[in-house]
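Data from upload-v6.pdb: PDB, C-alpha atoms
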ATOM      1  CA  MET A  15     118.007 122.727 114.840
ATOM      2  CA  LYS A  16     118.482 119.020 115.389
ATOM      3  CA  PRO A  17     116.849 116.578 112.963
ATOM      4  CA  LEU A  18     113.321 115.519 113.819
ATOM      5  CA  PRO A  19     112.797 111.884 114.843
ATOM      6  CA  ASP A  20     110.916 109.503 112.566
ATOM      7  CA  HIS A  21     107.335 110.631 112.164
ATOM      8  CA  GLU A  22     104.345 110.504 109.863
ATOM      9  CA  CYS A  23     102.340 113.506 108.664
ATOM     10  CA  GLN A  24      98.708 112.544 108.086
ATOM     11  CA  LEU A  25      96.146 114.705 106.304
ATOM     12  CA  GLY A  26      92.416 114.158 106.089
ATOM     13  CA  GLY A  27      88.912 115.293 106.863
ATOM     14  CA  TRP A  28      87.423 115.621 110.342
ATOM     15  CA  PHE A  29      85.679 112.243 110.204
ATOM     16  CA  VAL A  30      89.041 110.494 109.738
ATOM     17  CA  MET A  31      91.301 112.796 111.777
ATOM     18  CA  ARG A  32      88.957 113.751 114.623
ATOM     19  CA  GLN A  33      90.171 111.373 117.310
ATOM     20  CA  ALA A  34      93.863 112.066 116.706
ATOM     21  CA  ALA A  35      93.454 115.845 116.411
ATOM     22  CA  MET A  36      91.297 115.982 119.539
ATOM     23  CA  GLN A  37      94.019 114.307 121.632
ATOM     24  CA  VAL A  38      96.361 117.238 121.026
ATOM     25  CA  ARG A  39      93.752 120.002 120.979
ATOM     26  CA  ASP A  40      92.256 118.800 124.272
ATOM     27  CA  ALA A  41      95.696 118.710 125.914
ATOM     28  CA  VAL A  42      96.782 122.126 124.614
ATOM     29  CA  PHE A  43      93.671 124.265 124.303
ATOM     30  CA  VAL A  44      91.290 122.734 126.856
ATOM     31  CA  GLN A  45      93.544 121.421 129.638
ATOM     32  CA  GLU A  46      96.558 123.745 129.318
ATOM     33  CA  GLN A  47      94.941 127.010 128.178
ATOM     34  CA  GLY A  48      91.512 126.655 129.756
ATOM     35  CA  PHE A  49      89.192 126.818 126.732
ATOM     36  CA  THR A  50      85.966 124.889 127.068
ATOM     37  CA  PRO A  51      85.284 122.091 124.568
ATOM     38  CA  GLN A  52      82.405 124.238 123.250
ATOM     39  CA  GLU A  53      84.892 127.056 122.515
ATOM     40  CA  GLU A  54      87.499 124.737 121.013
ATOM     41  CA  TYR A  55      85.397 122.700 118.601
ATOM     42  CA  ASP A  56      83.256 124.435 116.008
ATOM     43  CA  GLU A  57      81.357 123.847 112.789
ATOM     44  CA  LEU A  58      84.485 124.730 110.782
ATOM     45  CA  ASP A  59      86.125 121.444 111.771
ATOM     46  CA  ALA A  60      83.805 119.575 109.397
ATOM     47  CA  ASP A  61      84.967 121.687 106.425
ATOM     48  CA  ALA A  62      88.689 121.737 107.232
ATOM     49  CA  LEU A  63      91.627 119.682 106.069
ATOM     50  CA  HIS A  64      93.236 118.419 109.288
ATOM     51  CA  MET A  65      96.834 117.436 109.794
ATOM     52  CA  VAL A  66      98.402 115.422 112.595
ATOM     53  CA  ILE A  67     101.972 114.372 113.225
ATOM     54  CA  ARG A  68     102.478 110.877 114.639
ATOM     55  CA  LEU A  69     105.580 109.226 115.998
ATOM     56  CA  PRO A  70     106.382 105.584 115.081
ATOM     57  CA  ASP A  71     104.747 104.360 118.311
ATOM     58  CA  GLY A  72     101.462 105.978 117.177
ATOM     59  CA  ALA A  73     101.618 108.916 119.593
ATOM     60  CA  VAL A  74     100.059 112.065 118.131
ATOM     61  CA  ILE A  75     102.145 115.108 119.079
ATOM     62  CA  ALA A  76     100.872 117.965 116.875
ATOM     63  CA  THR A  77      97.880 119.091 114.842
ATOM     64  CA  ALA A  78      96.503 121.977 112.773
ATOM     65  CA  ARG A  79      93.712 122.635 110.298
ATOM     66  CA  LEU A  80      93.410 124.389 106.929
ATOM     67  CA  LEU A  81      90.224 126.075 105.726
ATOM     68  CA  GLN A  82      89.219 127.950 102.596
ATOM     69  CA  GLU A  83      88.627 131.582 103.552
ATOM     70  CA  PRO A  84      85.649 133.325 101.947
ATOM     71  CA  VAL A  85      86.908 136.391 100.044
ATOM     72  CA  ALA A  86      85.481 139.085  97.805
ATOM     73  CA  ALA A  87      85.603 138.533  94.034
ATOM     74  CA  ASP A  88      88.548 140.925  93.635
ATOM     75  CA  GLU A  89      90.661 139.266  96.369
ATOM     76  CA  PRO A  90      93.109 136.397  95.837
ATOM     77  CA  PRO A  91      92.208 132.836  96.881
ATOM     78  CA  THR A  92      92.971 132.648 100.582
ATOM     79  CA  GLY A  93      93.341 129.829 103.064
ATOM     80  CA  ARG A  94      93.109 130.001 106.841
ATOM     81  CA  ILE A  95      95.327 127.951 109.118
ATOM     82  CA  GLY A  96      94.062 127.392 112.617
ATOM     83  CA  ARG A  97      94.106 125.283 115.739
ATOM     84  CA  VAL A  98      97.889 124.896 115.497
ATOM     85  CA  ALA A  99      98.907 122.855 118.542
ATOM     86  CA  VAL A 100     101.997 120.948 119.622
ATOM     87  CA  LEU A 101     102.094 119.019 122.888
ATOM     88  CA  LYS A 102     104.096 120.925 125.505
ATOM     89  CA  GLU A 103     106.948 118.409 125.759
ATOM     90  CA  TRP A 104     107.483 118.535 121.961
ATOM     91  CA  ARG A 105     107.565 122.328 121.506
ATOM     92  CA  GLY A 106     110.658 124.142 120.296
ATOM     93  CA  GLN A 107     111.839 121.186 118.220
ATOM     94  CA  GLY A 108     110.484 122.108 114.777
ATOM     95  CA  TRP A 109     107.099 120.364 114.825
ATOM     96  CA  GLY A 110     105.089 123.590 114.575
ATOM     97  CA  ARG A 111     107.203 124.688 111.633
ATOM     98  CA  MET A 112     106.540 121.354 109.943
ATOM     99  CA  LEU A 113     102.773 121.726 110.450
ATOM    100  CA  LEU A 114     102.844 125.151 108.807
ATOM    101  CA  LEU A 115     105.077 124.173 105.896
ATOM    102  CA  VAL A 116     103.000 121.116 104.997
ATOM    103  CA  LEU A 117      99.725 123.060 105.190
ATOM    104  CA  GLN A 118     101.230 125.950 103.216
ATOM    105  CA  ASP A 119     102.164 123.480 100.492
ATOM    106  CA  GLU A 120      98.641 122.018 100.514
ATOM    107  CA  ALA A 121      97.150 125.518 100.252
ATOM    108  CA  GLN A 122      99.448 126.442  97.382
ATOM    109  CA  GLN A 123      98.598 123.225  95.522
ATOM    110  CA  ARG A 124      94.894 124.055  95.673
ATOM    111  CA  GLY A 125      95.554 127.551  94.347
ATOM    112  CA  ASP A 126      95.620 129.741  97.441
ATOM    113  CA  GLN A 127      97.766 132.837  96.998
ATOM    114  CA  ARG A 128      97.781 133.857 100.623
ATOM    115  CA  LEU A 129      97.168 132.425 104.065
ATOM    116  CA  VAL A 130      95.760 134.065 107.165
ATOM    117  CA  LEU A 131      95.858 132.913 110.752
ATOM    118  CA  GLY A 132      94.994 134.205 114.184
ATOM    119  CA  ALA A 133      98.162 133.963 116.251
ATOM    120  CA  GLN A 134      98.255 134.130 119.997
ATOM    121  CA  GLN A 135     100.420 137.219 120.527
ATOM    122  CA  VAL A 136     103.053 135.210 122.387
ATOM    123  CA  ALA A 137     103.386 132.982 119.280
ATOM    124  CA  ALA A 138     103.489 135.843 116.732
ATOM    125  CA  PRO A 139     107.335 135.834 116.524
ATOM    126  CA  PHE A 140     107.229 132.131 115.566
ATOM    127  CA  TYR A 141     104.870 132.861 112.658
ATOM    128  CA  ALA A 142     106.879 135.943 111.665
ATOM    129  CA  ARG A 143     109.979 133.750 111.239
ATOM    130  CA  LEU A 144     107.970 131.777 108.656
ATOM    131  CA  GLY A 145     107.099 134.943 106.718
ATOM    132  CA  TYR A 146     103.704 135.817 108.228
ATOM    133  CA  GLN A 147     103.134 139.550 108.619
ATOM    134  CA  PRO A 148     100.997 140.979 111.433
ATOM    135  CA  THR A 149      97.946 143.018 110.479
ATOM    136  CA  PRO A 150      96.478 145.814 112.626
ATOM    137  CA  TYR A 151      93.596 143.485 113.565
ATOM    138  CA  THR A 152      93.951 142.235 117.141
ATOM    139  CA  TYR A 153      91.346 140.511 119.284
ATOM    140  CA  ASP A 154      90.841 138.584 122.489
ATOM    141  CA  GLU A 155      89.845 134.932 122.370
ATOM    142  CA  GLY A 156      89.207 133.197 125.668
ATOM    143  CA  GLY A 157      91.222 135.837 127.526
ATOM    144  CA  ILE A 158      94.251 135.355 125.254
ATOM    145  CA  PRO A 159      95.331 138.281 123.030
ATOM    146  CA  HIS A 160      95.579 137.391 119.324
ATOM    147  CA  VAL A 161      96.785 139.149 116.199
ATOM    148  CA  GLN A 162      95.755 138.297 112.652
ATOM    149  CA  MET A 163      98.741 137.507 110.425
ATOM    150  CA  VAL A 164      99.014 137.067 106.646
ATOM    151  CA  LEU A 165     101.433 135.181 104.398
ATOM    152  CA  ASP A 166     101.621 136.277 100.752
ATOM    153  CA  MET A 167     102.518 133.083  98.899
ATOM    154  CA  THR A 168     103.034 134.905  95.592
ATOM    155  CA  LYS A 169     106.278 136.460  96.883
ATOM    156  CA  PRO A 170     109.468 134.401  97.006
ATOM    157  CA  SER A 171     110.387 133.436 100.550
TER     158      SER A 171
END
If you convert what's in this file into structure tokens, what do you get?
Amino acid sequence: MKPLPDHECQLGGWFVMRQAAMQVRDAVFVQEQGFTPQEEYDELDADALHMVIRLPDGAVIATARLLQEPVAADEPPTGRIGRVAVLKEWRGQGWGRMLLLVLQDEAQQRGDQRLVLGAQQVAAPFYARLGYQPTPYTYDEGGIPHVQMVLDMTKPS
């Protein structure tokens, strides 16, 4: 994989990151994949840690969010990564991997022992290369088949 060009990874709450994250999510999920804005944006955005990747010219090319997953008392602390999006012209260059690795590090620093995510089935091999394991739970979201995947962060990668 070729080295990524200069960029800046920014993390923050929805109030700070909203405009930048929406640029990418609108392009990918609303315009490209046909979700309505009402389907794309939810109450979880306000509670999430959002990440965007910017190029030196200020262009935002990728985004994702990290949530704290509610779990039973006997389950390990778990985070949920979602709304992973990279603009079409920037895909396949390592930006999605960077989003995941930075958010995985953030989750580990706050004490999460595992991460879950809902992967579009066409993207499941990408997540599998990063160590995420598919679960039997599959579902349809907006006409797109998804599979829930889990990363155990207590195991060496």
Could you state which residues are captured by the PyMOL selection byres ((chain A and resi 65) around 12) in this file, as a VMD selection string?
chain A and resid 22 to 28 30 to 36 38 to 39 59 62 to 64 66 to 68 74 to 81 95 to 100 109 to 110 112 to 118 120
(97.5, 134.5, 120.2) in this file's frame - what residues fall within 7 Å of it? Use all atoms listed in the file and give the answer as an NGL selection string.
:A and (132-137 or 158-161)
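Take the candidates A:Glu53, A:Asp20, A:Glu83, A:Glu103 and check each one against Gly157 of chain A using only C-alpha atoms; the shortest distance goes to A:Glu53.
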Evaluated on this file, the PyMOL selection byres ((chain A and resi 166) around 7) picks out some residues - which ones are they, written as a VMD selection string?
chain A and resid 127 to 129 164 to 165 167 to 169
Just C-alpha atoms for this one: save the residues we selected as a tab-separated table (two decimals), in the frame of the given file.
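Heads up, here's the output in out39.tsv:
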chain	number	residue	atom	x	y	z
A	127	GLN	CA	97.77	132.84	97.00
A	128	ARG	CA	97.78	133.86	100.62
A	129	LEU	CA	97.17	132.43	104.06
A	164	VAL	CA	99.01	137.07	106.65
A	165	LEU	CA	101.43	135.18	104.40
A	167	MET	CA	102.52	133.08	98.90
A	168	THR	CA	103.03	134.90	95.59
A	169	LYS	CA	106.28	136.46	96.88
Quote the spacing between atom CA of Gln147 of chain A and atom CA of Val130 of chain A in Å to one decimal place.
9.3 Å
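Note that atom CA of Leu101 of chain A and atom CA of Ala41 of chain A are 7.1 Å apart.
Here the question is which of A:Glu54, A:Tyr141, A:Asp126, A:Trp104 gets nearest to Val85 of chain A using all atoms listed in the file, and that residue is A:Asp126.
Considering the residues A:Ala73, A:Leu144, A:Ala86, A:Leu131 and counting all atoms listed in the file, Met163 of chain A has its shortest atom-to-atom contact with A:Leu131.
Closest approach to Ala121 of chain A from the set A:Gln47, A:Gln82, A:Thr152, A:Gln107 is made by A:Gln82, with distances taken over only C-alpha atoms.
Minimum distance to Ala60 of chain A across A:Arg94, A:Tyr151, A:Gln162, A:Phe29 (counting all atoms listed in the file) occurs at A:Phe29.
Taking atom CA of Leu69 of chain A as the reference point, atom CA of Ala138 of chain A is found at 26.7 Å.
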Could segment 90-117 of chain A be completed with N, CA and C atoms and written as a tab-separated table (two decimals), in the frame of the given file, please?
chain	number	residue	atom	x	y	z
A	90	PRO	N	92.50	137.68	96.24
A	90	PRO	CA	93.11	136.40	95.84
A	90	PRO	C	92.57	135.23	96.67
A	91	PRO	N	92.61	134.02	96.11
A	91	PRO	CA	92.21	132.84	96.88
A	91	PRO	C	93.03	132.76	98.16
A	92	THR	N	92.34	132.56	99.26
A	92	THR	CA	92.97	132.65	100.58
A	92	THR	C	92.59	131.45	101.44
A	93	GLY	N	93.57	130.89	102.10
A	93	GLY	CA	93.34	129.83	103.06
A	93	GLY	C	93.49	130.37	104.47
A	94	ARG	N	92.97	129.62	105.44
A	94	ARG	CA	93.11	130.00	106.84
A	94	ARG	C	93.64	128.80	107.61
A	95	ILE	N	94.77	128.98	108.25
A	95	ILE	CA	95.33	127.95	109.12
A	95	ILE	C	94.87	128.24	110.54
A	96	GLY	N	94.50	127.20	111.25
A	96	GLY	CA	94.06	127.39	112.62
A	96	GLY	C	94.28	126.17	113.47
A	97	ARG	N	94.00	126.35	114.74
A	97	ARG	CA	94.11	125.28	115.74
A	97	ARG	C	95.48	124.59	115.69
A	98	VAL	N	96.51	125.41	115.52
A	98	VAL	CA	97.89	124.90	115.50
A	98	VAL	C	98.27	124.55	116.94
A	99	ALA	N	98.60	123.30	117.18
A	99	ALA	CA	98.91	122.86	118.54
A	99	ALA	C	99.98	121.78	118.52
A	100	VAL	N	100.94	121.94	119.41
A	100	VAL	CA	102.00	120.95	119.62
A	100	VAL	C	102.01	120.65	121.12
A	101	LEU	N	102.04	119.37	121.47
A	101	LEU	CA	102.09	119.02	122.89
A	101	LEU	C	103.29	119.68	123.55
A	102	LYS	N	103.11	120.12	124.79
A	102	LYS	CA	104.10	120.92	125.50
A	102	LYS	C	105.51	120.33	125.46
A	103	GLU	N	105.61	119.04	125.69
A	103	GLU	CA	106.95	118.41	125.76
A	103	GLU	C	107.64	118.32	124.39
A	104	TRP	N	106.92	118.61	123.31
A	104	TRP	CA	107.48	118.54	121.96
A	104	TRP	C	107.71	119.90	121.33
A	105	ARG	N	107.40	120.98	122.05
A	105	ARG	CA	107.56	122.33	121.51
A	105	ARG	C	109.03	122.72	121.39
A	106	GLY	N	109.30	123.63	120.47
A	106	GLY	CA	110.66	124.14	120.30
A	106	GLY	C	111.58	123.21	119.54
A	107	GLN	N	111.02	122.18	118.91
A	107	GLN	CA	111.84	121.19	118.22
A	107	GLN	C	111.60	121.16	116.71
A	108	GLY	N	110.72	122.04	116.21
A	108	GLY	CA	110.48	122.11	114.78
A	108	GLY	C	109.17	121.53	114.31
A	109	TRP	N	108.36	120.99	115.22
A	109	TRP	CA	107.10	120.36	114.82
A	109	TRP	C	106.09	121.40	114.34
A	110	GLY	N	106.00	122.53	115.01
A	110	GLY	CA	105.09	123.59	114.58
A	110	GLY	C	105.45	124.10	113.19
A	111	ARG	N	106.73	124.26	112.95
A	111	ARG	CA	107.20	124.69	111.63
A	111	ARG	C	106.79	123.67	110.57
A	112	MET	N	106.93	122.39	110.90
A	112	MET	CA	106.54	121.35	109.94
A	112	MET	C	105.04	121.42	109.64
A	113	LEU	N	104.22	121.59	110.67
A	113	LEU	CA	102.77	121.73	110.45
A	113	LEU	C	102.49	122.83	109.44
A	114	LEU	N	103.10	123.99	109.67
A	114	LEU	CA	102.84	125.15	108.81
A	114	LEU	C	103.34	124.91	107.39
A	115	LEU	N	104.52	124.37	107.24
A	115	LEU	CA	105.08	124.17	105.90
A	115	LEU	C	104.26	123.17	105.08
A	116	VAL	N	103.81	122.10	105.71
A	116	VAL	CA	103.00	121.12	105.00
A	116	VAL	C	101.66	121.73	104.60
A	117	LEU	N	101.02	122.45	105.52
A	117	LEU	CA	99.72	123.06	105.19
A	117	LEU	C	99.88	124.19	104.17
